[in-house]
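> This is start_6.cif, which holds mmCIF, C-alpha atoms and all ligand atoms:
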```
data_protein
#
loop_
_atom_site.group_PDB
_atom_site.id
_atom_site.type_symbol
_atom_site.label_atom_id
_atom_site.label_comp_id
_atom_site.auth_asym_id
_atom_site.auth_seq_id
_atom_site.Cartn_x
_atom_site.Cartn_y
_atom_site.Cartn_z
ATOM 1 C CA ILE C 1 113.860 72.668 22.772
ATOM 2 C CA GLU C 2 112.750 73.769 26.176
ATOM 3 C CA VAL C 3 108.974 73.480 26.548
ATOM 4 C CA SER C 4 107.752 76.050 28.971
ATOM 5 C CA LEU C 5 104.501 75.092 30.640
ATOM 6 C CA ASN C 6 102.216 77.874 31.672
ATOM 7 C CA GLU C 7 102.648 78.481 35.368
ATOM 8 C CA LYS C 8 99.249 79.908 36.171
ATOM 9 C CA ASN C 9 97.200 78.245 38.870
ATOM 10 C CA ILE C 10 94.241 76.141 37.838
ATOM 11 C CA ILE C 11 91.158 76.772 39.965
ATOM 12 C CA LEU C 12 88.065 74.584 40.065
ATOM 13 C CA ILE C 13 84.690 76.091 40.882
ATOM 14 C CA GLY C 14 81.116 74.799 40.908
ATOM 15 C CA PHE C 15 78.360 73.725 43.264
ATOM 16 C CA MET C 16 78.902 71.449 46.275
ATOM 17 C CA GLY C 17 79.395 67.825 45.317
ATOM 18 C CA VAL C 18 80.055 68.233 41.585
ATOM 19 C CA GLY C 19 83.499 66.631 41.904
ATOM 20 C CA LYS C 20 85.883 69.587 42.140
ATOM 21 C CA THR C 21 88.208 67.870 44.582
ATOM 22 C CA THR C 22 88.322 64.583 42.675
ATOM 23 C CA ALA C 23 89.013 66.278 39.343
ATOM 24 C CA GLY C 24 91.464 68.722 40.936
ATOM 25 C CA MET C 25 93.532 65.962 42.509
ATOM 26 C CA LEU C 26 93.786 64.199 39.156
ATOM 27 C CA VAL C 27 94.787 67.364 37.303
ATOM 28 C CA ALA C 28 97.467 68.060 39.905
ATOM 29 C CA LYS C 29 98.787 64.519 39.744
ATOM 30 C CA LYS C 30 98.990 64.506 35.957
ATOM 31 C CA LEU C 31 100.763 67.875 35.899
ATOM 32 C CA GLN C 32 102.907 67.056 38.935
ATOM 33 C CA ARG C 33 101.604 70.113 40.694
ATOM 34 C CA GLU C 34 100.572 70.653 44.279
ATOM 35 C CA PHE C 35 96.842 70.269 44.950
ATOM 36 C CA ILE C 36 95.113 72.462 47.495
ATOM 37 C CA ASP C 37 91.603 71.940 48.772
ATOM 38 C CA ILE C 38 90.609 75.338 50.138
ATOM 39 C CA ASP C 39 88.045 73.938 52.614
ATOM 40 C CA GLU C 40 90.763 71.707 54.026
ATOM 41 C CA GLU C 41 93.090 74.694 54.455
ATOM 42 C CA ILE C 42 90.345 76.560 56.311
ATOM 43 C CA GLU C 43 89.779 73.528 58.546
ATOM 44 C CA LYS C 44 93.501 73.445 59.319
ATOM 45 C CA GLU C 45 93.469 77.110 60.293
ATOM 46 C CA PHE C 46 90.638 76.641 62.800
ATOM 47 C CA GLY C 47 91.429 73.065 63.756
ATOM 48 C CA ILE C 48 87.802 71.967 63.327
ATOM 49 C CA PRO C 49 85.662 70.711 60.408
ATOM 50 C CA VAL C 50 83.760 73.139 58.160
ATOM 51 C CA SER C 51 80.420 72.168 59.695
ATOM 52 C CA GLU C 52 81.706 73.096 63.153
ATOM 53 C CA ILE C 53 83.125 76.374 61.897
ATOM 54 C CA PHE C 54 79.649 77.240 60.617
ATOM 55 C CA ASN C 55 77.910 76.098 63.795
ATOM 56 C CA LYS C 56 80.298 77.488 66.387
ATOM 57 C CA LEU C 57 81.913 80.496 64.743
ATOM 58 C CA GLY C 58 79.300 81.402 62.139
ATOM 59 C CA GLU C 59 79.257 81.626 58.357
ATOM 60 C CA LYS C 60 80.691 85.162 58.352
ATOM 61 C CA THR C 61 83.886 83.967 60.041
ATOM 62 C CA PHE C 62 84.126 81.117 57.554
ATOM 63 C CA ARG C 63 83.684 83.484 54.578
ATOM 64 C CA GLU C 64 86.341 85.902 55.852
ATOM 65 C CA LYS C 65 88.869 83.102 56.234
ATOM 66 C CA GLU C 66 87.846 81.687 52.855
ATOM 67 C CA LYS C 67 88.660 85.046 51.282
ATOM 68 C CA SER C 68 92.082 85.390 52.901
ATOM 69 C CA VAL C 69 93.121 81.785 52.214
ATOM 70 C CA ILE C 70 92.137 81.968 48.537
ATOM 71 C CA THR C 71 93.732 85.382 48.086
ATOM 72 C CA SER C 72 97.037 84.194 49.475
ATOM 73 C CA PHE C 73 97.098 81.037 47.339
ATOM 74 C CA CYS C 74 96.368 83.165 44.274
ATOM 75 C CA GLU C 75 99.668 84.952 44.891
ATOM 76 C CA GLN C 76 101.438 81.655 44.219
ATOM 77 C CA LYS C 77 101.993 79.766 40.960
ATOM 78 C CA ASN C 78 101.739 76.228 39.636
ATOM 79 C CA LYS C 79 98.999 75.192 42.031
ATOM 80 C CA VAL C 80 95.732 73.402 41.446
ATOM 81 C CA LEU C 81 93.042 74.747 43.777
ATOM 82 C CA SER C 82 89.594 73.408 44.535
ATOM 83 C CA LEU C 83 87.249 76.075 45.960
ATOM 84 C CA GLY C 84 84.165 75.643 48.111
ATOM 85 C CA GLY C 85 80.917 76.059 46.210
ATOM 86 C CA GLY C 86 80.137 79.365 47.929
ATOM 87 C CA ALA C 87 83.479 81.064 47.365
ATOM 88 C CA PHE C 88 82.387 82.850 44.195
ATOM 89 C CA LEU C 89 79.634 84.631 46.128
ATOM 90 C CA GLN C 90 82.360 87.109 47.043
ATOM 91 C CA GLU C 91 83.304 89.556 44.335
ATOM 92 C CA LYS C 92 86.824 89.945 45.725
ATOM 93 C CA ILE C 93 87.406 86.196 45.350
ATOM 94 C CA ARG C 94 85.960 86.152 41.845
ATOM 95 C CA SER C 95 88.177 88.970 40.667
ATOM 96 C CA VAL C 96 91.399 87.711 42.242
ATOM 97 C CA CYS C 97 90.870 84.208 40.826
ATOM 98 C CA LEU C 98 89.890 85.378 37.364
ATOM 99 C CA THR C 99 92.856 87.724 37.042
ATOM 100 C CA THR C 100 95.607 85.467 38.429
ATOM 101 C CA SER C 101 94.524 81.971 37.394
ATOM 102 C CA TYR C 102 92.589 79.770 35.007
ATOM 103 C CA VAL C 103 89.115 79.247 36.383
ATOM 104 C CA ILE C 104 87.324 76.031 35.443
ATOM 105 C CA PHE C 105 83.600 75.720 36.105
ATOM 106 C CA LEU C 106 82.445 72.149 36.634
ATOM 107 C CA ASP C 107 78.842 72.151 35.526
ATOM 108 C CA LEU C 108 76.578 69.300 36.613
ATOM 109 C CA SER C 109 72.820 69.297 35.941
ATOM 110 C CA PHE C 110 70.503 69.394 38.949
ATOM 111 C CA GLU C 111 69.030 66.051 37.869
ATOM 112 C CA LYS C 112 72.428 64.369 38.079
ATOM 113 C CA TRP C 113 73.316 66.234 41.255
ATOM 114 C CA LYS C 114 70.118 64.928 42.885
ATOM 115 C CA GLU C 115 71.206 61.351 42.264
ATOM 116 C CA ARG C 116 74.282 61.948 44.428
ATOM 117 C CA ILE C 117 72.505 63.875 47.142
ATOM 118 C CA SER C 118 72.846 61.297 49.923
ATOM 119 C CA GLN C 119 76.642 61.426 49.650
ATOM 120 C CA ILE C 120 76.637 65.221 49.640
ATOM 121 C CA ILE C 121 74.270 66.448 52.330
ATOM 122 C CA ASP C 122 75.828 65.343 55.633
ATOM 123 C CA SER C 123 79.051 67.325 55.454
ATOM 124 C CA ARG C 124 77.476 70.472 53.991
ATOM 125 C CA PRO C 125 76.133 72.921 56.587
ATOM 126 C CA VAL C 126 74.383 75.140 54.026
ATOM 127 C CA LEU C 127 72.195 72.215 52.934
ATOM 128 C CA GLN C 128 71.105 71.191 56.425
ATOM 129 C CA GLY C 129 67.346 71.271 56.949
ATOM 130 C CA LYS C 130 66.597 72.272 53.364
ATOM 131 C CA SER C 131 63.871 70.661 51.294
ATOM 132 C CA LEU C 132 64.659 69.398 47.800
ATOM 133 C CA GLU C 133 62.809 72.406 46.425
ATOM 134 C CA GLU C 134 64.974 74.773 48.472
ATOM 135 C CA MET C 135 68.136 73.000 47.397
ATOM 136 C CA LYS C 136 67.114 73.352 43.770
ATOM 137 C CA GLU C 137 66.574 77.066 44.328
ATOM 138 C CA LEU C 138 70.029 77.440 45.883
ATOM 139 C CA PHE C 139 71.569 75.384 43.078
ATOM 140 C CA THR C 140 69.984 77.610 40.436
ATOM 141 C CA LYS C 141 70.934 80.815 42.209
ATOM 142 C CA ARG C 142 74.537 79.719 42.680
ATOM 143 C CA GLN C 143 74.946 79.001 38.955
ATOM 144 C CA GLU C 144 74.898 82.776 38.384
ATOM 145 C CA THR C 145 77.974 83.216 40.546
ATOM 146 C CA TYR C 146 79.908 80.779 38.335
ATOM 147 C CA ALA C 147 79.024 82.645 35.119
ATOM 148 C CA GLU C 148 82.492 84.145 34.720
ATOM 149 C CA HIS C 149 85.138 81.493 34.082
ATOM 150 C CA HIS C 150 87.744 80.531 31.496
ATOM 151 C CA LEU C 151 86.461 77.054 30.754
ATOM 152 C CA LYS C 152 83.263 75.186 31.477
ATOM 153 C CA VAL C 153 83.257 71.407 31.618
ATOM 154 C CA VAL C 154 79.872 69.701 31.638
ATOM 155 C CA THR C 155 80.440 66.768 33.934
ATOM 156 C CA ASP C 156 77.138 64.861 33.636
ATOM 157 C CA GLU C 157 78.352 61.848 31.658
ATOM 158 C CA LYS C 158 82.063 62.150 32.215
ATOM 159 C CA ASP C 159 84.321 60.255 34.539
ATOM 160 C CA PRO C 160 86.925 62.244 36.489
ATOM 161 C CA GLU C 161 89.808 61.066 34.278
ATOM 162 C CA VAL C 162 88.120 62.509 31.190
ATOM 163 C CA ILE C 163 87.344 65.761 32.980
ATOM 164 C CA ALA C 164 90.938 66.119 34.176
ATOM 165 C CA GLN C 165 92.325 65.438 30.696
ATOM 166 C CA ARG C 166 89.967 67.990 29.176
ATOM 167 C CA ILE C 167 91.282 70.651 31.563
ATOM 168 C CA ILE C 168 94.897 69.766 30.896
ATOM 169 C CA ASN C 169 94.449 69.825 27.131
ATOM 170 C CA GLU C 170 93.090 73.337 27.401
ATOM 171 C CA PHE C 171 95.657 74.989 29.641
ATOM 172 C CA ALA C 172 98.762 72.989 30.306
HETATM 173 C C1 LIG C 201 79.827 75.755 50.697
HETATM 174 C C2 LIG C 201 80.479 74.739 50.030
HETATM 175 C C3 LIG C 201 81.438 73.843 50.695
HETATM 176 C C4 LIG C 201 82.090 74.527 51.891
HETATM 177 C C5 LIG C 201 81.050 75.080 52.800
HETATM 178 C C6 LIG C 201 80.121 76.087 52.115
HETATM 179 C C7 LIG C 201 78.833 76.581 49.962
HETATM 180 O O1 LIG C 201 82.440 73.417 49.770
HETATM 181 O O2 LIG C 201 82.956 75.546 51.466
HETATM 182 O O3 LIG C 201 80.316 74.009 53.309
HETATM 183 O O4 LIG C 201 78.371 77.613 50.490
HETATM 184 O O5 LIG C 201 78.490 76.216 48.812
HETATM 185 P P1 LIG C 201 82.206 72.267 48.651
HETATM 186 O O6 LIG C 201 81.691 72.928 47.417
HETATM 187 O O7 LIG C 201 83.577 71.714 48.450
HETATM 188 O O8 LIG C 201 81.273 71.283 49.217
#
```
Could you rewrite the structure in this file as structure tokens?
Ligand code: S3P

Amino acid sequence: IEVSLNEKNIILIGFMGVGKTTAGMLVAKKLQREFIDIDEEIEKEFGIPVSEIFNKLGEKTFREKEKSVITSFCEQKNKVLSLGGGAFLQEKIRSVCLTTSYVIFLDLSFEKWKERISQIIDSRPVLQGKSLEEMKELFTKRQETYAEHHLKVVTDEKDPEVIAQRIINEFA
């Protein structure tokens, strides 16, 4: 009997530094699918890192490119995509992802996130110069943008292998 795997894309969303890329790479590897890190694609388009895109070209330019890159990958199949933590601010991105693909929200508590902060801050322009209080505010506000999804995985106590397997069990 031919087993037909669902061909929909799998898309990982969630705040900066929750492990979307790590989990996404594992999911892709296990399913033998192509993995795409959207931030990396944007960097390739401009030829400079995300932080420089923000500093030299501005956030608006970054967000426009983010929208077009995600939209075009959503027209494809069988991909695993990891989105930047701000992508779901845009309603167009939310709707295109939710209608074409399976959207997985990786949910980490702020307490756990805080423990990883030193590894997260440097490469994230939107966190530069923010106090812990301000980061907590942003974290809380961003959670609202992730409210619509097909599966939520609480990642606090889980290692990436377990997270990846959980996603695969649900959709593949
Ligand atoms: C951003 C998150 C980043 C990157 C950019 C903006 C955000 O992606 O897209 O720095 O606004 O939350 P990660 O979530 O992969 O860090």
> So which residues get picked by the PyMOL selection byres (((not hetatm)) within 7 of (chain C and resi 201)) here, written as a list in words?
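That expression, the PyMOL selection byres (((not hetatm)) within 7 of (chain C and resi 201)), corresponds here to Gly14, Phe15, Met16, Gly17, Asp39, Val50, Ser51, Leu83, Gly84, Gly85, Gly86, Ala87, Arg124, Pro125 and Val126 of chain C.
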> When you draw a straight line from CA of Ile168 (chain C) to CA of Glu41 (chain C), how long is it in Å?
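Between CA of Ile168 (chain C) and CA of Glu41 (chain C) the gap is 24.1 Å.
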> Do a neighbour search on Ile53 (chain C) at 12 Å with only C-alpha atoms, toss out local chain neighbours closer than 4 positions, and write the hits as JSON, numbers by chain.
{"C": [39, 40, 42, 43, 44, 45, 46, 47, 48, 49, 57, 58, 59, 60, 61, 62, 63, 64, 65, 66, 123, 124, 125, 126]}
> Pick from C:Phe54, C:Phe105, C:Phe35, C:Phe171: nearest to Phe73 (chain C), with only C-alpha atoms counted?
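Residue with the minimum atom-to-atom distance to Phe73 (chain C): C:Phe35.
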> Between region 89-122 of chain C and region 158-167 of chain C, at 10 Å or less, what are the per-residue closest atom pairs and their distances in Å? Count all atoms listed in the file, order by chain and rising residue number, and return it as a Markdown table.

```
| residue | atom | partner | partner_atom | distance |
| --- | --- | --- | --- | --- |
| C:Tyr102 | CA | C:Ile167 | CA | 9.8 |
| C:Ile104 | CA | C:Ile167 | CA | 7.7 |
| C:Leu106 | CA | C:Ile163 | CA | 8.8 |
```
> Mind giving me the straight-line distance from CA of Glu7 (chain C) to CA of Ser101 (chain C) in Å, one decimal?
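It comes out at 9.1 Å.
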> Starting from the displayed file, determine the output of the PyMOL selection byres (((chain C and resi 8) around 12) and not hetatm) and express the residue list as a list in words.
Ser4, Leu5, Asn6, Glu7, Asn9, Ile10, Ile11, Arg33, Phe73, Cys74, Glu75, Gln76, Lys77, Asn78, Lys79, Val80, Leu81, Cys97, Leu98, Thr99, Thr100, Ser101, Tyr102, Val103, Phe171 and Ala172 of chain C
> I need the residue set behind the PyMOL selection byres (((chain C and resi 114) around 12) and not hetatm) for this file; please write it as a PyMOL selection string.
chain C and resi 16-18+108-113+115-121+131-133+135-136+139+156
> So which one's closest to Phe88 (chain C), C:Thr140, C:Thr145, C:Gln128, C:Asn55? Using all atoms listed in the file, please.
C:Thr145
> Between CA of Leu12 (chain C) and CA of Ile38 (chain C), measure the distance and give it in Å to one decimal.
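CA of Ile38 (chain C) lies at a distance of 10.4 Å from CA of Leu12 (chain C).
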> Tell me which of C:Ser72, C:Ser82, C:Ser95, C:Gln90 sits closest to Thr21 (chain C), counting all atoms listed in the file.
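Smallest distance to Thr21 (chain C) is found for C:Ser82.
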> Looking at all atoms listed in the file, which of C:Val69, C:Thr155, C:Asn169, C:Glu144 is the one that sits closest to Ala23 (chain C)?
C:Thr155
> Counting only C-alpha atoms, which residue out of C:Asp107, C:Asp122, C:Asp37, C:Glu157 sits closest to Gln143 (chain C)?
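Selected residue with least distance to Gln143 (chain C): C:Asp107.
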> Box for region 28-46 of chain C - axis-aligned, 4 Å on each of the six sides, all listed atoms - centre and size in Å to one decimal, as lines of an AutoDock Vina configuration file.

```
center_x = 95.5
center_y = 70.8
center_z = 49.3
size_x = 22.9
size_y = 20.6
size_z = 34.9
```
